[in-house]
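Colleague: This is my_file-v2.cif (mmCIF, C-alpha atoms).
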data_structure
loop_
_atom_site.label_atom_id
_atom_site.label_comp_id
_atom_site.auth_asym_id
_atom_site.auth_seq_id
_atom_site.Cartn_x
_atom_site.Cartn_y
_atom_site.Cartn_z
CA MET A 1443 46.30 -56.69 -27.41
CA GLU A 1444 42.70 -56.65 -28.49
CA LEU A 1445 41.72 -54.52 -31.43
CA LEU A 1446 38.20 -53.96 -30.19
CA ASN A 1447 37.54 -53.70 -26.51
CA ILE A 1448 34.37 -52.61 -24.73
CA SER A 1449 35.52 -49.06 -24.02
CA PHE A 1450 36.26 -48.45 -27.71
CA ALA A 1451 32.84 -49.81 -28.68
CA LEU A 1452 31.20 -47.50 -26.12
CA LEU A 1453 33.16 -44.55 -27.48
CA VAL A 1454 31.98 -45.30 -31.02
CA ILE A 1455 28.36 -45.50 -29.83
CA LYS A 1456 28.68 -42.24 -27.89
CA ILE A 1457 30.18 -40.43 -30.87
CA ALA A 1458 27.43 -41.77 -33.14
CA LEU A 1459 24.76 -40.53 -30.72
CA CYS A 1460 26.36 -37.10 -30.74
CA ILE A 1461 27.09 -36.75 -34.45
CA LEU A 1462 24.19 -38.39 -36.32
CA PRO A 1463 21.39 -36.06 -35.13
CA GLY A 1464 23.52 -33.07 -36.11
CA VAL A 1465 24.22 -34.48 -39.56
CA LEU A 1466 20.52 -35.15 -40.14
CA GLY A 1467 19.65 -31.65 -38.88
CA ILE A 1468 22.16 -30.04 -41.23
CA PHE A 1469 20.79 -32.11 -44.10
CA LEU A 1470 17.22 -31.01 -43.36
CA LEU A 1471 18.24 -27.35 -43.13
CA THR A 1472 20.45 -27.20 -46.20
CA SER A 1473 18.69 -29.49 -48.68
CA SER A 1474 17.36 -27.86 -51.84
CA ASP A 1475 13.72 -27.10 -52.51
CA GLU A 1476 13.55 -29.88 -55.09
CA ALA A 1477 14.83 -32.43 -52.55
CA LYS A 1478 12.30 -31.18 -49.99
CA ARG A 1479 9.50 -31.50 -52.54
CA GLN A 1480 10.58 -35.06 -53.31
CA MET A 1481 10.66 -35.89 -49.59
CA ARG A 1482 7.17 -34.43 -49.18
CA GLY A 1483 5.89 -36.40 -52.15
CA SER A 1484 7.30 -39.71 -50.96
CA ILE A 1485 6.13 -39.22 -47.37
CA CYS A 1486 2.64 -38.20 -48.46
CA ASN A 1487 2.44 -41.15 -50.87
CA GLN A 1488 3.41 -43.59 -48.13
CA LEU A 1489 1.11 -42.11 -45.48
CA PHE A 1490 -1.90 -40.87 -47.41
CA GLY A 1491 -1.72 -42.34 -50.91
CA VAL A 1492 -1.55 -38.93 -52.64
CA SER A 1493 1.55 -36.85 -53.24
CA ASN A 1494 0.22 -33.45 -52.14
CA ALA A 1495 -1.67 -34.09 -48.89
CA ILE A 1496 0.58 -31.69 -46.95
CA ARG A 1497 1.11 -28.19 -48.30
CA TYR A 1498 4.71 -27.38 -49.11
CA PRO A 1499 5.13 -24.23 -46.93
CA LYS A 1500 3.99 -26.14 -43.84
CA PHE A 1501 6.24 -29.07 -44.68
CA ARG A 1502 9.21 -26.74 -45.25
CA SER A 1503 8.68 -25.03 -41.88
CA PHE A 1504 8.36 -28.45 -40.22
CA LEU A 1505 11.72 -29.45 -41.73
CA ARG A 1506 13.33 -26.22 -40.50
CA ILE A 1507 12.04 -26.74 -36.97
CA SER A 1508 13.04 -30.43 -37.00
CA GLY A 1509 16.53 -29.61 -38.30
CA THR A 1510 17.04 -26.97 -35.63
CA LEU A 1511 15.86 -29.32 -32.89
CA LEU A 1512 18.15 -32.08 -34.12
CA LEU A 1513 21.11 -29.70 -34.03
CA LEU A 1514 20.21 -28.70 -30.48
CA VAL A 1515 19.90 -32.37 -29.47
CA SER A 1516 23.32 -33.03 -30.98
CA LEU A 1517 24.87 -30.13 -29.09
CA ALA A 1518 23.21 -31.19 -25.82
CA ALA A 1519 24.31 -34.80 -26.25
CA THR A 1520 27.86 -33.71 -27.00
CA TRP A 1521 27.89 -31.52 -23.91
CA TRP A 1522 26.46 -34.22 -21.66
CA ILE A 1523 28.47 -37.15 -22.92
CA HIS A 1524 31.88 -35.67 -23.75
CA LEU A 1525 32.38 -32.12 -22.47
CA LYS A 1526 30.62 -32.11 -19.10
CA LYS A 1527 33.56 -33.63 -17.24
CA PHE A 1528 35.93 -30.86 -18.42
CA PHE A 1529 33.92 -27.98 -16.88
#
Please rewrite the model in this file as structure tokens.
Modeller:
Amino acid sequence: MELLNISFALLVIKIALCILPGVLGIFLLTSSDEAKRQMRGSICNQLFGVSNAIRYPKFRSFLRISGTLLLLVSLAATWWIHLKKFF
């Protein structure tokens, strides 16, 4: 009996594709303002060389929209990959 067969590996990949976008979306939606400011500072430093190139309210709304879209992608992937065959 094999411990790891191809169907188990495919199941792990499918579950990862369904779960990881949702986890990232929840993180983006629920992170504190200080964490969002640190993300903005590090992203702006890497892209533009200054820490305040993007205004915080625009960055915060971008994170909200991105988090919501990632949750929707996670729900759609879960529906398509796992639940579609039951309905």
Colleague: With 3 Å on each side, where is the centre of the axis-aligned box around all listed atoms of range 1473-1482 of chain A, and how long are its edges in Å to one decimal, as AutoDock Vina command-line options?
Modeller:
--center_x 12.9 --center_y -31.5 --center_z -51.9 --size_x 17.5 --size_y 14.8 --size_z 12.4
Colleague: Which residues are close to Ser1508 in chain A, i.e. within 12 Å by only C-alpha atoms, leaving aside same-chain residues fewer than 6 positions away? Reply as a list of chain:residue names.
Modeller: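 Close residues of Ser1508 in chain A: A:Pro1463, A:Gly1464, A:Leu1466, A:Gly1467, A:Ile1468, A:Phe1469, A:Leu1470, A:Leu1471, A:Phe1501, A:Arg1502, A:Leu1514, A:Val1515.
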Colleague: From the options A:Leu1452, A:Arg1482, A:Leu1445, A:Lys1526, which residue's atoms come nearest to Phe1504 in chain A, counting only C-alpha atoms?
Modeller: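 Nearest to Phe1504 in chain A: A:Arg1482.
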Colleague: Using only C-alpha atoms, which residues sit within 9 Å of Lys1456 in chain A once same-chain residues fewer than 4 positions away are excluded, as a list in words?
Modeller: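 Returned residues: Ala1451, Leu1452, Cys1460, Ile1461, Ala1519, Thr1520, Ile1523 and His1524 of chain A.
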Colleague: From the options A:Met1481, A:Leu1453, A:Phe1528, A:Ile1448, which residue's atoms come nearest to Ser1493 in chain A, counting all atoms listed in the file?
Modeller: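 Result for the nearest residue to Ser1493 in chain A: A:Met1481.
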Colleague: Separation of CA of Arg1479 in chain A and CA of Leu1513 in chain A, in Å?
Modeller: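 Separating CA of Arg1479 in chain A from CA of Leu1513 in chain A is a distance of 21.9 Å.
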Colleague: Which of these, A:Gly1491, A:Leu1517, A:Gln1480, A:Cys1486, has the shortest distance to Ile1457 in chain A once you count all atoms listed in the file?
Modeller: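 For Ile1457 in chain A, the nearest of the given residues is A:Leu1517.
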